[in-house]
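Here is the file start-v4.csv (CSV, C-alpha atoms (C1' of nucleotides)).
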```csv
chain,number,residue,atom,x,y,z
A,359,MET,CA,25.0,94.6,83.6
A,360,THR,CA,22.1,92.6,85.0
A,361,ASP,CA,21.2,92.0,88.6
A,362,THR,CA,22.4,88.4,88.4
A,363,ASP,CA,25.8,89.6,87.2
A,364,LEU,CA,26.0,91.8,90.2
A,365,VAL,CA,25.1,89.0,92.6
A,366,ARG,CA,27.7,86.7,90.9
A,367,GLN,CA,30.4,89.3,91.4
A,368,LEU,CA,29.4,89.8,95.0
A,369,ILE,CA,29.7,86.0,95.5
A,370,SER,CA,33.1,86.0,93.8
A,371,ARG,CA,34.5,88.8,96.0
A,372,LEU,CA,33.1,87.3,99.2
A,373,ALA,CA,34.6,83.9,98.3
A,374,ARG,CA,38.0,85.5,97.7
A,375,LEU,CA,37.9,87.2,101.1
A,376,ASP,CA,36.8,84.1,102.8
A,377,GLY,CA,39.4,81.9,101.1
A,378,ASP,CA,42.1,84.4,102.0
A,379,ALA,CA,41.2,84.0,105.6
A,380,GLY,CA,43.1,80.7,105.9
A,381,ARG,CA,46.3,82.2,104.4
A,382,SER,CA,47.6,83.4,107.7
A,383,GLU,CA,47.4,79.8,108.8
A,384,GLY,CA,49.4,78.8,105.7
A,385,LEU,CA,46.5,77.4,103.8
A,386,ASN,CA,45.4,78.5,100.3
A,387,PRO,CA,41.7,78.5,99.3
A,388,ALA,CA,41.7,75.0,97.9
A,389,GLN,CA,43.3,73.6,101.0
A,390,SER,CA,40.9,75.4,103.3
A,391,MET,CA,37.9,74.1,101.3
A,392,ALA,CA,39.2,70.5,101.4
A,393,LEU,CA,39.8,70.8,105.1
A,394,GLU,CA,36.4,72.2,105.8
A,395,TYR,CA,34.8,69.5,103.7
A,396,LEU,CA,36.6,66.7,105.5
A,397,ALA,CA,35.5,68.2,108.8
A,398,ARG,CA,31.9,68.1,107.7
A,399,ALA,CA,31.7,64.9,105.7
A,400,ASN,CA,30.5,61.6,107.2
A,401,LYS,CA,32.8,58.6,107.3
A,402,PHE,CA,31.6,57.2,104.0
A,403,SER,CA,32.4,60.4,102.2
A,404,ARG,CA,36.0,61.2,103.1
A,405,GLN,CA,37.9,59.6,100.2
A,406,PRO,CA,40.0,61.6,97.7
A,407,SER,CA,37.4,61.0,94.9
A,408,HIS,CA,34.7,62.4,97.2
A,409,VAL,CA,36.6,65.6,97.9
A,410,ALA,CA,37.2,65.9,94.2
A,411,GLU,CA,33.5,65.6,93.4
A,412,TYR,CA,32.6,68.1,96.1
A,413,MET,CA,35.1,70.6,94.9
A,414,GLY,CA,34.3,70.0,91.2
A,415,SER,CA,37.9,69.1,90.6
A,416,THR,CA,39.8,66.0,89.5
A,417,ARG,CA,41.2,63.2,91.5
A,418,GLY,CA,44.7,64.1,90.4
A,419,THR,CA,44.4,67.7,91.6
A,420,ILE,CA,42.9,66.7,94.9
A,421,SER,CA,45.6,64.1,95.4
A,422,GLN,CA,48.1,67.0,95.5
A,423,THR,CA,46.0,69.1,97.8
A,424,LEU,CA,45.5,66.3,100.3
A,425,LYS,CA,49.2,65.6,100.1
A,426,ALA,CA,49.9,69.2,101.1
A,427,LEU,CA,47.5,69.0,104.0
A,428,ARG,CA,49.0,65.7,105.1
A,429,GLU,CA,52.5,67.0,105.1
A,430,LYS,CA,51.3,70.0,107.2
A,431,GLY,CA,50.0,67.5,109.7
A,432,LEU,CA,46.3,68.6,109.4
A,433,ILE,CA,44.8,65.4,108.2
A,434,ALA,CA,45.7,61.7,108.6
A,435,GLU,CA,45.3,58.8,106.3
A,436,VAL,CA,43.0,55.9,107.2
A,437,ARG,CA,43.3,52.9,105.0
A,438,SER,CA,40.2,50.8,104.4
A,439,GLU,CA,40.2,47.2,105.7
A,440,THR,CA,37.8,45.9,103.1
A,441,ASP,CA,39.2,47.6,100.0
A,442,ARG,CA,42.9,47.9,99.9
A,443,ARG,CA,42.8,50.6,97.1
A,444,SER,CA,40.7,52.9,99.2
A,445,VAL,CA,42.0,55.7,101.4
A,446,SER,CA,40.0,57.9,103.8
A,447,TYR,CA,41.1,61.1,105.6
A,448,GLU,CA,40.3,62.5,109.0
A,449,LEU,CA,41.4,65.7,110.7
A,450,THR,CA,44.1,65.6,113.2
A,451,SER,CA,43.7,67.7,116.4
A,452,ARG,CA,46.0,70.3,114.8
A,453,GLY,CA,43.7,70.3,111.8
A,454,ARG,CA,40.7,71.0,113.9
A,455,THR,CA,42.5,73.8,115.7
A,456,ILE,CA,43.5,75.5,112.4
A,457,LEU,CA,40.0,75.2,111.0
A,458,ALA,CA,38.5,76.9,114.0
A,459,GLN,CA,40.9,79.8,113.6
A,460,SER,CA,40.3,80.6,110.0
A,461,ASN,CA,36.8,82.1,110.0
A,462,ALA,CA,37.5,85.8,109.3
A,463,LEU,CA,34.3,86.4,107.4
A,464,ASN,CA,32.1,85.3,110.3
A,465,SER,CA,31.8,88.5,112.1
A,466,ALA,CA,30.5,90.3,109.0
A,467,PHE,CA,27.4,88.1,109.1
A,468,ASN,CA,26.4,89.6,112.4
A,469,GLU,CA,25.3,92.6,110.5
A,470,LEU,CA,22.3,90.5,109.3
A,471,SER,CA,19.3,89.6,111.4
A,472,ALA,CA,18.6,85.9,112.0
A,473,LYS,CA,15.8,86.2,109.5
A,474,GLU,CA,17.9,87.7,106.8
A,475,LEU,CA,20.6,85.1,107.4
A,476,SER,CA,18.2,82.2,107.0
A,477,GLN,CA,16.7,83.8,103.9
A,478,LEU,CA,20.2,84.3,102.5
A,479,GLU,CA,21.0,80.6,103.3
A,480,ARG,CA,17.9,79.4,101.6
A,481,SER,CA,18.4,81.5,98.4
A,482,LEU,CA,22.0,80.5,98.0
A,483,GLN,CA,21.0,76.8,98.6
A,484,VAL,CA,18.4,77.0,95.8
A,485,VAL,CA,20.8,78.6,93.4
A,486,LEU,CA,23.6,76.1,94.2
A,487,ASN,CA,21.3,73.1,93.9
A,488,THR,CA,20.0,74.3,90.6
A,489,SER,CA,23.5,74.9,89.2
A,490,LEU,CA,24.8,71.6,90.5
A,491,ARG,CA,21.9,69.7,88.9
A,492,SER,CA,22.3,71.4,85.6
A,493,ASN,CA,26.0,70.6,85.6
A,494,GLY,CA,25.3,66.9,86.6
A,495,LEU,CA,27.1,67.3,89.9
A,496,LYS,CA,26.1,65.9,93.3
A,497,PRO,CA,24.5,68.0,96.0
A,498,PHE,CA,26.5,66.7,99.0
A,499,GLY,CA,23.7,67.6,101.4
A,500,VAL,CA,23.5,66.4,105.0
A,501,CYS,CA,21.9,63.0,105.8
A,502,LYS,CA,18.9,64.6,107.5
A,503,THR,CA,17.8,66.0,104.1
A,504,CYS,CA,18.3,62.8,102.1
A,505,THR,CA,15.6,60.6,100.5
A,506,HIS,CA,17.4,57.5,101.9
A,507,PHE,CA,17.2,58.9,105.4
A,508,ALA,CA,14.6,57.5,107.9
A,509,PRO,CA,14.4,59.3,111.3
A,510,ARG,CA,14.6,57.3,114.5
A,511,THR,CA,14.2,58.4,118.1
A,512,GLU,CA,17.9,58.6,118.5
A,513,GLY,CA,19.6,59.6,115.2
A,514,GLY,CA,18.3,57.8,112.1
A,515,PHE,CA,18.7,55.0,109.6
A,516,CYS,CA,20.2,55.1,106.1
A,517,ASN,CA,18.1,52.9,103.7
A,518,LEU,CA,20.7,53.0,101.0
A,519,LEU,CA,23.6,51.6,103.1
A,520,SER,CA,21.2,49.8,105.5
A,521,LEU,CA,23.0,51.3,108.5
A,522,PRO,CA,21.9,53.0,111.7
A,523,LEU,CA,23.2,56.6,112.0
A,524,GLU,CA,24.1,58.3,115.2
A,525,ARG,CA,22.7,61.8,115.8
A,526,SER,CA,26.0,63.5,115.0
A,527,GLU,CA,26.2,61.6,111.7
A,528,THR,CA,22.8,62.9,110.5
A,529,GLU,CA,24.3,66.4,110.4
A,530,LYS,CA,27.1,65.5,108.1
A,531,LEU,CA,27.6,65.7,104.4
A,532,CYS,CA,27.3,62.6,102.3
A,533,VAL,CA,28.3,61.6,98.8
A,534,GLU,CA,25.1,59.6,98.4
A,535,ASN,CA,22.8,62.5,99.3
A,536,ALA,CA,19.9,62.7,97.0
B,1246,MET,CA,28.8,74.0,112.5
B,1247,THR,CA,27.0,77.3,112.7
B,1248,ASP,CA,24.6,78.9,110.2
B,1249,THR,CA,27.3,81.4,109.1
B,1250,ASP,CA,29.7,78.5,108.4
B,1251,LEU,CA,27.1,77.0,106.2
B,1252,VAL,CA,26.5,80.2,104.3
B,1253,ARG,CA,30.3,80.7,103.9
B,1254,GLN,CA,30.5,77.2,102.3
B,1255,LEU,CA,27.6,77.9,100.0
B,1256,ILE,CA,29.4,81.0,98.8
B,1257,SER,CA,32.7,79.1,98.3
B,1258,ARG,CA,31.0,76.4,96.2
B,1259,LEU,CA,29.0,78.9,94.1
B,1260,ALA,CA,32.1,81.0,93.5
B,1261,ARG,CA,33.9,77.8,92.3
B,1262,LEU,CA,31.1,76.9,89.9
B,1263,ASP,CA,31.0,80.5,88.6
B,1264,GLY,CA,34.7,80.7,88.2
B,1265,ASP,CA,34.8,77.5,86.3
B,1266,ALA,CA,32.3,78.8,83.8
B,1267,GLY,CA,35.0,80.7,82.0
B,1268,ARG,CA,37.3,77.7,81.6
B,1269,SER,CA,35.7,76.5,78.4
B,1270,GLU,CA,36.7,79.9,77.0
B,1271,GLY,CA,40.3,79.3,78.2
B,1272,LEU,CA,40.1,81.6,81.2
B,1273,ASN,CA,40.8,80.7,84.8
B,1274,PRO,CA,38.9,82.3,87.7
B,1275,ALA,CA,41.4,85.0,88.3
B,1276,GLN,CA,41.4,86.0,84.6
B,1277,SER,CA,37.6,85.9,84.5
B,1278,MET,CA,37.4,88.2,87.5
B,1279,ALA,CA,39.9,90.7,86.2
B,1280,LEU,CA,38.1,90.7,82.8
B,1281,GLU,CA,34.8,91.3,84.5
B,1282,TYR,CA,36.2,94.1,86.6
B,1283,LEU,CA,37.7,95.9,83.6
B,1284,ALA,CA,34.4,95.6,81.9
B,1285,ARG,CA,32.6,97.3,84.8
B,1286,ALA,CA,35.2,99.8,86.0
B,1287,ASN,CA,35.2,103.5,84.8
B,1288,LYS,CA,38.1,105.0,82.9
B,1289,PHE,CA,39.8,106.2,86.1
B,1290,SER,CA,39.8,102.7,87.6
B,1291,ARG,CA,41.3,100.4,85.0
B,1292,GLN,CA,45.0,100.4,86.0
B,1293,PRO,CA,46.8,97.3,87.2
B,1294,SER,CA,47.0,98.7,90.8
B,1295,HIS,CA,43.2,99.1,90.8
B,1296,VAL,CA,42.6,95.6,89.6
B,1297,ALA,CA,44.9,94.4,92.4
B,1298,GLU,CA,43.0,96.4,95.0
B,1299,TYR,CA,39.7,95.1,93.7
B,1300,MET,CA,40.8,91.5,93.8
B,1301,GLY,CA,42.6,91.8,97.1
B,1302,SER,CA,45.9,90.8,95.4
B,1303,THR,CA,49.2,92.4,94.7
B,1304,ARG,CA,50.5,94.4,91.8
B,1305,GLY,CA,53.0,91.7,90.9
B,1306,THR,CA,50.3,89.0,90.7
B,1307,ILE,CA,47.9,91.1,88.7
B,1308,SER,CA,50.7,92.1,86.3
B,1309,GLN,CA,50.9,88.4,85.4
B,1310,THR,CA,47.2,88.0,85.0
B,1311,LEU,CA,46.8,91.0,82.8
B,1312,LYS,CA,49.8,89.8,80.7
B,1313,ALA,CA,47.9,86.6,80.1
B,1314,LEU,CA,44.7,88.4,79.1
B,1315,ARG,CA,46.7,90.7,76.8
B,1316,GLU,CA,48.4,87.8,75.1
B,1317,LYS,CA,45.0,86.2,74.6
B,1318,GLY,CA,43.9,89.4,72.8
B,1319,LEU,CA,41.1,90.1,75.3
B,1320,ILE,CA,42.3,93.4,76.6
B,1321,ALA,CA,44.4,96.2,75.1
B,1322,GLU,CA,46.9,98.5,76.8
B,1323,VAL,CA,46.2,102.2,76.8
B,1324,ARG,CA,49.1,104.4,77.9
B,1325,SER,CA,48.4,107.6,79.8
B,1326,GLU,CA,49.4,110.8,78.2
B,1327,THR,CA,50.0,112.7,81.4
B,1328,ASP,CA,51.8,110.1,83.4
B,1329,ARG,CA,54.2,107.9,81.5
B,1330,ARG,CA,54.4,105.3,84.3
B,1331,SER,CA,50.7,104.7,84.1
B,1332,VAL,CA,48.9,102.0,82.0
B,1333,SER,CA,45.2,101.4,81.6
B,1334,TYR,CA,43.4,98.5,80.0
B,1335,GLU,CA,40.2,98.2,78.0
B,1336,LEU,CA,38.4,95.2,76.6
B,1337,THR,CA,38.9,94.4,72.9
B,1338,SER,CA,35.8,93.3,71.0
B,1339,ARG,CA,37.0,89.8,71.4
B,1340,GLY,CA,37.1,90.4,75.2
B,1341,ARG,CA,33.6,91.6,75.2
B,1342,THR,CA,32.4,88.5,73.2
B,1343,ILE,CA,34.2,86.1,75.6
B,1344,LEU,CA,32.8,87.8,78.6
B,1345,ALA,CA,29.2,87.6,77.3
B,1346,GLN,CA,29.6,83.8,76.8
B,1347,SER,CA,30.9,82.9,80.3
B,1348,ASN,CA,27.8,83.3,82.4
B,1349,ALA,CA,26.9,79.7,83.2
B,1350,LEU,CA,25.5,80.4,86.7
B,1351,ASN,CA,23.0,83.0,85.4
B,1352,SER,CA,20.1,80.6,84.6
B,1353,ALA,CA,20.2,79.2,88.1
B,1354,PHE,CA,19.2,82.6,89.5
B,1355,ASN,CA,15.9,82.3,87.6
B,1356,GLU,CA,14.7,80.0,90.3
B,1357,LEU,CA,14.5,83.0,92.6
B,1358,SER,CA,11.7,85.6,92.5
B,1359,ALA,CA,12.6,89.2,91.7
B,1360,LYS,CA,12.1,90.0,95.4
B,1361,GLU,CA,14.3,87.1,96.6
B,1362,LEU,CA,17.0,88.2,94.2
B,1363,SER,CA,17.1,91.8,95.4
B,1364,GLN,CA,17.0,90.6,99.0
B,1365,LEU,CA,19.9,88.3,98.2
B,1366,GLU,CA,21.8,91.1,96.6
B,1367,ARG,CA,21.2,93.4,99.5
B,1368,SER,CA,22.3,90.9,102.1
B,1369,LEU,CA,25.5,90.0,100.2
B,1370,GLN,CA,26.3,93.6,99.7
B,1371,VAL,CA,26.0,94.3,103.5
B,1372,VAL,CA,28.3,91.4,104.4
B,1373,LEU,CA,30.8,92.3,101.7
B,1374,ASN,CA,31.0,95.9,102.7
B,1375,THR,CA,31.4,95.0,106.4
B,1376,SER,CA,34.2,92.6,105.6
B,1377,LEU,CA,36.0,95.0,103.3
B,1378,ARG,CA,35.8,97.7,105.9
B,1379,SER,CA,37.1,95.5,108.7
B,1380,ASN,CA,40.0,94.5,106.4
B,1381,GLY,CA,40.8,98.0,105.4
B,1382,LEU,CA,39.9,97.4,101.7
B,1383,LYS,CA,38.0,99.7,99.3
B,1384,PRO,CA,34.4,99.1,98.4
B,1385,PHE,CA,34.6,99.7,94.7
B,1386,GLY,CA,31.0,100.7,94.4
B,1387,VAL,CA,29.4,102.4,91.4
B,1388,CYS,CA,29.5,106.3,91.1
B,1389,LYS,CA,25.8,106.7,91.7
B,1390,THR,CA,26.3,105.4,95.3
B,1391,CYS,CA,29.3,107.5,96.1
B,1392,THR,CA,29.5,110.4,98.5
B,1393,HIS,CA,31.4,112.5,95.9
B,1394,PHE,CA,28.6,112.0,93.4
B,1395,ALA,CA,26.1,114.8,92.5
B,1396,PRO,CA,23.2,113.9,90.3
B,1397,ARG,CA,22.5,116.1,87.2
B,1398,THR,CA,19.6,115.9,84.8
B,1399,GLU,CA,21.8,114.0,82.4
B,1400,GLY,CA,24.3,111.8,84.3
B,1401,GLY,CA,26.0,113.5,87.2
B,1402,PHE,CA,29.1,115.2,88.5
B,1403,CYS,CA,32.1,113.9,90.5
B,1404,ASN,CA,33.0,116.4,93.3
B,1405,LEU,CA,36.3,114.6,94.0
B,1406,LEU,CA,37.7,114.7,90.5
B,1407,SER,CA,35.6,117.8,89.5
B,1408,LEU,CA,34.4,116.2,86.4
B,1409,PRO,CA,31.1,115.8,84.7
B,1410,LEU,CA,29.9,112.1,84.3
B,1411,GLU,CA,27.9,110.7,81.4
B,1412,ARG,CA,24.9,108.5,82.4
B,1413,SER,CA,26.8,105.3,81.5
B,1414,GLU,CA,29.7,106.3,83.7
B,1415,THR,CA,27.5,106.6,86.7
B,1416,GLU,CA,26.8,102.9,86.6
B,1417,LYS,CA,30.5,101.9,86.7
B,1418,LEU,CA,32.8,100.9,89.4
B,1419,CYS,CA,35.3,103.4,90.8
B,1420,VAL,CA,38.4,103.1,92.9
B,1421,GLU,CA,37.5,106.4,94.7
B,1422,ASN,CA,34.0,105.2,95.7
B,1423,ALA,CA,33.3,106.0,99.3
C,442,DT,C1',69.1,118.7,92.0
C,443,DG,C1',68.4,115.5,95.1
C,444,DA,C1',65.3,112.3,98.1
C,445,DC,C1',61.4,109.8,98.1
C,446,DA,C1',57.1,108.1,96.5
C,447,DT,C1',54.6,105.8,93.0
C,448,DA,C1',53.4,102.6,88.7
C,449,DG,C1',54.5,98.7,86.9
C,450,DT,C1',57.4,94.5,85.8
C,451,DA,C1',60.4,90.3,86.6
C,452,DT,C1',61.6,86.4,89.3
C,453,DC,C1',61.3,82.9,93.0
C,454,DG,C1',59.1,78.8,95.2
C,455,DA,C1',54.9,76.6,96.7
C,456,DC,C1',50.8,75.5,95.0
C,457,DT,C1',46.4,74.8,91.8
C,458,DC,C1',44.5,73.0,87.9
C,459,DG,C1',43.2,69.7,83.9
C,460,DA,C1',44.9,66.2,81.2
C,461,DA,C1',47.1,62.1,80.5
C,462,DA,C1',49.8,58.2,81.8
C,463,DC,C1',50.5,55.0,85.4
C,464,DT,C1',50.0,51.4,89.5
C,465,DA,C1',47.4,48.6,92.4
C,466,DT,C1',43.4,46.4,93.4
C,467,DC,C1',38.8,44.6,92.8
C,468,DA,C1',34.7,42.3,90.4
C,469,DG,C1',32.4,39.7,86.8
C,470,DG,C1',32.4,36.3,83.4
C,471,DT,C1',34.2,32.2,81.4
D,1364,DA,C1',42.0,30.1,88.2
D,1365,DC,C1',42.3,33.5,84.5
D,1366,DC,C1',41.4,37.3,81.7
D,1367,DT,C1',39.1,41.6,81.1
D,1368,DG,C1',37.7,45.7,82.5
D,1369,DA,C1',36.3,48.9,86.0
D,1370,DT,C1',37.8,51.6,90.0
D,1371,DA,C1',40.9,54.2,93.6
D,1372,DG,C1',44.8,56.8,93.9
D,1373,DT,C1',49.2,58.8,92.4
D,1374,DT,C1',52.5,61.0,89.4
D,1375,DT,C1',53.9,64.1,85.9
D,1376,DC,C1',53.4,67.9,82.6
D,1377,DG,C1',52.7,72.8,81.4
D,1378,DA,C1',50.2,77.1,82.2
D,1379,DG,C1',49.0,79.9,85.7
D,1380,DT,C1',48.1,81.9,90.6
D,1381,DC,C1',49.9,83.9,94.6
D,1382,DG,C1',52.9,86.5,98.1
D,1383,DA,C1',57.3,88.3,98.6
D,1384,DT,C1',61.1,90.5,97.0
D,1385,DA,C1',63.9,93.0,94.1
D,1386,DC,C1',63.9,95.8,90.2
D,1387,DT,C1',63.2,99.9,86.5
D,1388,DA,C1',61.2,104.1,85.2
D,1389,DT,C1',58.9,108.1,86.1
D,1390,DG,C1',56.8,111.6,88.9
D,1391,DT,C1',56.9,115.1,93.0
D,1392,DC,C1',58.3,118.0,96.3
D,1393,DA,C1',61.6,120.6,98.8
```
In C-alpha cells, what does this structure look like?
Amino acid sequence: MTDTDLVRQLISRLARLDGDAGRSEGLNPAQSMALEYLARANKFSRQPSHVAEYMGSTRGTISQTLKALREKGLIAEVRSETDRRSVSYELTSRGRTILAQSNALNSAFNELSAKELSQLERSLQVVLNTSLRSNGLKPFGVCKTCTHFAPRTEGGFCNLLSLPLERSETEKLCVENA
Amino acid sequence: MTDTDLVRQLISRLARLDGDAGRSEGLNPAQSMALEYLARANKFSRQPSHVAEYMGSTRGTISQTLKALREKGLIAEVRSETDRRSVSYELTSRGRTILAQSNALNSAFNELSAKELSQLERSLQVVLNTSLRSNGLKPFGVCKTCTHFAPRTEGGFCNLLSLPLERSETEKLCVENA
DNA sequence: TGACATAGTATCGACTCGAAACTATCAGGT
DNA sequence: ACCTGATAGTTTCGAGTCGATACTATGTCA
C-alpha cells in the first residue's frame, strides 16, 4: 500500500460521489460527463468522435450516450453544412438547467483555502497530462493554453484553423489543443 | 466555469483513466474498486454490505459484482462460523497478482515531489471526508486514525470491538472507523 | 413462539462498454 | 467520372453496472 495507491483510491471514491450527484436528475456518470464536456467544448469540438476521445471511449458507446441525452431533451443535434456526415451537439436550455443543478461535491471544496485549491488543481493537472501523454491521448485543454493560440486585445487567434476567437471561446476546451 | 468545476472534471477524468487500467486484466472499474477494497479492508469489513457501503452502492448491485469476481477466481468466499447469514471475502493468490498488475496511473504520480504528493493526498482526503459526512456516508479510514483505536507497543487495541490488533491490521480500512 | 430486523441473493429495465459490422459521405488518384 | 480508401456516425451483441423491488434464510428480542 503506497502513497500513490492511496491517492488513486481517493480519486476513485471522489469521482463516484461526484458522478452520483447527477443521478437525482436522471443522469448516470457517463451522461453527466458528456453533458459537462459539451458545455465546456468550443464549437469545433462537439462532435461524437470528440466526446469519445475526451472520455477515452469509443464512437459506438458515445453514440448511445448522446442518444440518451438527446431523448431526454438535454442536447440538440446540429448538422454541418460543409460535411454531411458530420454532427455536432449543443446544450438545450433544459440541459443547461440540469447541469447547473448537479454539483453536489462543490460545497466540500469550500473546506480548502484558495491556495490549497489552486495547488490541488495544479497537481491533478500534472498527473492527468502525464497519464494522457503516456497513453497517447489528447489533453483537451482550453484555447488560452494552446501552442496554436495567439492573444489579441479582444480574445485571440487560432493559428491552426486560421480563425479569430472571441473571448468566451478562448476559455473553452478544444480537440486540437496541444 | 469555476475552479471547483475544473477540479471536479480533473478528478472524473483521472478516475476514468485509473478505472480503465484494470480492463486489460478483464476487470471493469466497479470490479477493480471492489477488489482493491477487499485487499485493503480488515477482516471485520469484508462482507458484501461493507463493500456496498464503501462504494456507495446497494447490496444487490455489489452481490453481482462479487459474483463476477468469484467466478473469475480472484476472491474466495469465507462463511462466518457464528452467523450463518454472513459471508466474507478474501483475495486468492490470483486476485493479489491481478491487483498488483493494474496500476497504470502510478507512474504519472512520479511527476510530483514527495511534498506535493502528500499535500495532494491531504486535500483530497479533506474534500472526501466532508462530502461523505454531508451525504451521511461512512469514512472507512484505517484503524490507526480511529477514535476507538488505542496504540500499543506492538500494534494496538480496538476499544469498540475489545480486540487486540496486529500491526498490519492497524493499516487496514474498517467499517467502524470514526 | 412470534414479530421484526438483518445478510445476502435474484430479477427487472435502462444503461455502459468494447468490439464488430454496417451506412453514408468525402477525398485522392487515375 | 470512377474507383479506392478513409472518415463520421450508427447499430447490434454480450457481459456487466446500477437502483429498485421482491425474495430467502437466519438471527434477536420480547
Chain A contacts to chain C at 9 Å (all atoms listed in the file) as JSON, numbers by chain:
{"A": [386, 388, 415, 416, 418, 419, 422, 423, 426, 441, 442, 443]}
Taking all atoms listed in the file into account, report as a VMD selection string which residues of chain A lie within 12 Å of chain D.
chain A and resid 378 381 to 382 384 to 388 405 to 408 410 416 to 422 424 to 425 437 to 438 441 to 446
Between CA of Lys401 in chain A and CA of Leu523 in chain A, what distance in Å does the model show, to one decimal?
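These atoms are spaced 10.9 Å apart.
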Contact table chain A vs chain B, cut-off 9 Å, shortest pair per residue, only C-alpha atoms, as CSV:
```
residue,atom,partner,partner_atom,distance
A:Met359,CA,B:Arg1285,CA,8.2
A:Asp361,CA,B:Ser1363,CA,7.9
A:Thr362,CA,B:Asn1351,CA,6.2
A:Asp363,CA,B:Asn1351,CA,7.4
A:Leu364,CA,B:Glu1366,CA,7.7
A:Val365,CA,B:Glu1366,CA,5.6
A:Arg366,CA,B:Asp1263,CA,7.4
A:Gln367,CA,B:Met1278,CA,8.1
A:Leu368,CA,B:Leu1369,CA,6.5
A:Ile369,CA,B:Ala1260,CA,5.9
A:Ser370,CA,B:Ala1260,CA,5.1
A:Arg371,CA,B:Met1300,CA,7.2
A:Leu372,CA,B:Leu1373,CA,6.0
A:Ala373,CA,B:Ser1257,CA,5.2
A:Arg374,CA,B:Met1300,CA,7.7
A:Leu375,CA,B:Gly1301,CA,7.7
A:Asp376,CA,B:Arg1253,CA,7.4
A:Gly377,CA,B:Ser1257,CA,7.8
A:Asp378,CA,B:Gly1301,CA,8.9
A:Met391,CA,B:Ser1257,CA,7.8
A:Glu394,CA,B:Gln1254,CA,8.5
A:Tyr395,CA,B:Gln1254,CA,8.9
A:Arg398,CA,B:Met1246,CA,8.2
A:Tyr412,CA,B:Arg1258,CA,8.5
A:Met413,CA,B:Arg1258,CA,7.2
A:Gly414,CA,B:Leu1262,CA,7.7
A:Asn461,CA,B:Asp1250,CA,8.1
A:Ala462,CA,B:Ser1376,CA,8.4
A:Leu463,CA,B:Ser1376,CA,6.5
A:Asn464,CA,B:Thr1249,CA,6.3
A:Ser465,CA,B:Ser1376,CA,8.1
A:Ala466,CA,B:Val1372,CA,5.2
A:Phe467,CA,B:Val1372,CA,5.8
A:Asn468,CA,B:Val1372,CA,8.4
A:Glu469,CA,B:Val1372,CA,6.9
A:Leu470,CA,B:Ser1368,CA,7.2
A:Glu474,CA,B:Ser1368,CA,7.2
A:Leu475,CA,B:Thr1249,CA,7.8
A:Ser476,CA,B:Asp1248,CA,7.9
A:Gln477,CA,B:Leu1365,CA,7.9
A:Leu478,CA,B:Leu1365,CA,5.9
A:Glu479,CA,B:Val1252,CA,5.6
A:Ser481,CA,B:Leu1365,CA,7.0
A:Leu482,CA,B:Leu1255,CA,6.5
A:Gln483,CA,B:Leu1255,CA,6.8
A:Val484,CA,B:Glu1356,CA,7.3
A:Val485,CA,B:Ala1353,CA,5.4
A:Leu486,CA,B:Leu1259,CA,6.1
A:Asn487,CA,B:Ala1353,CA,8.5
A:Thr488,CA,B:Ala1353,CA,5.5
A:Ser489,CA,B:Ala1353,CA,5.5
A:Leu490,CA,B:Leu1262,CA,8.3
A:Ser492,CA,B:Ala1353,CA,8.5
```
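Between CA of Lys1360 in chain B and CA of Ala1395 in chain B there is a distance of 28.6 Å.
As for CA of Cys532 in chain A and CA of Thr505 in chain A, they are spaced 12.0 Å apart.
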What are the nearest atom pairs, with distances in Å to one decimal, for all residues of range 442-467 of chain A that come at most 12 Å from range 431-435 of chain A, using all atoms listed in the file, set out by chain and rising residue number as a tab-separated table?
```
residue	atom	partner	partner_atom	distance
A:Ser444	CA	A:Glu435	CA	10.3
A:Val445	CA	A:Glu435	CA	6.7
A:Ser446	CA	A:Glu435	CA	5.9
A:Tyr447	CA	A:Glu435	CA	4.8
A:Glu448	CA	A:Ile433	CA	5.4
A:Leu449	CA	A:Ile433	CA	4.2
A:Thr450	CA	A:Ile433	CA	5.1
A:Ser451	CA	A:Leu432	CA	7.5
A:Arg452	CA	A:Leu432	CA	5.7
A:Gly453	CA	A:Leu432	CA	3.9
A:Arg454	CA	A:Leu432	CA	7.6
A:Thr455	CA	A:Leu432	CA	9.0
A:Ile456	CA	A:Leu432	CA	8.0
A:Leu457	CA	A:Leu432	CA	9.3
```
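Residue neighbourhood of Pro509 in chain A, excluding near-sequence residues (fewer than 5 positions): Cys501, Lys502, Thr503, Cys504, Gly514, Phe515, Cys516, Asn517, Pro522, Leu523, Glu524, Arg525 and Thr528 of chain A, at 12 Å, using all atoms listed in the file.
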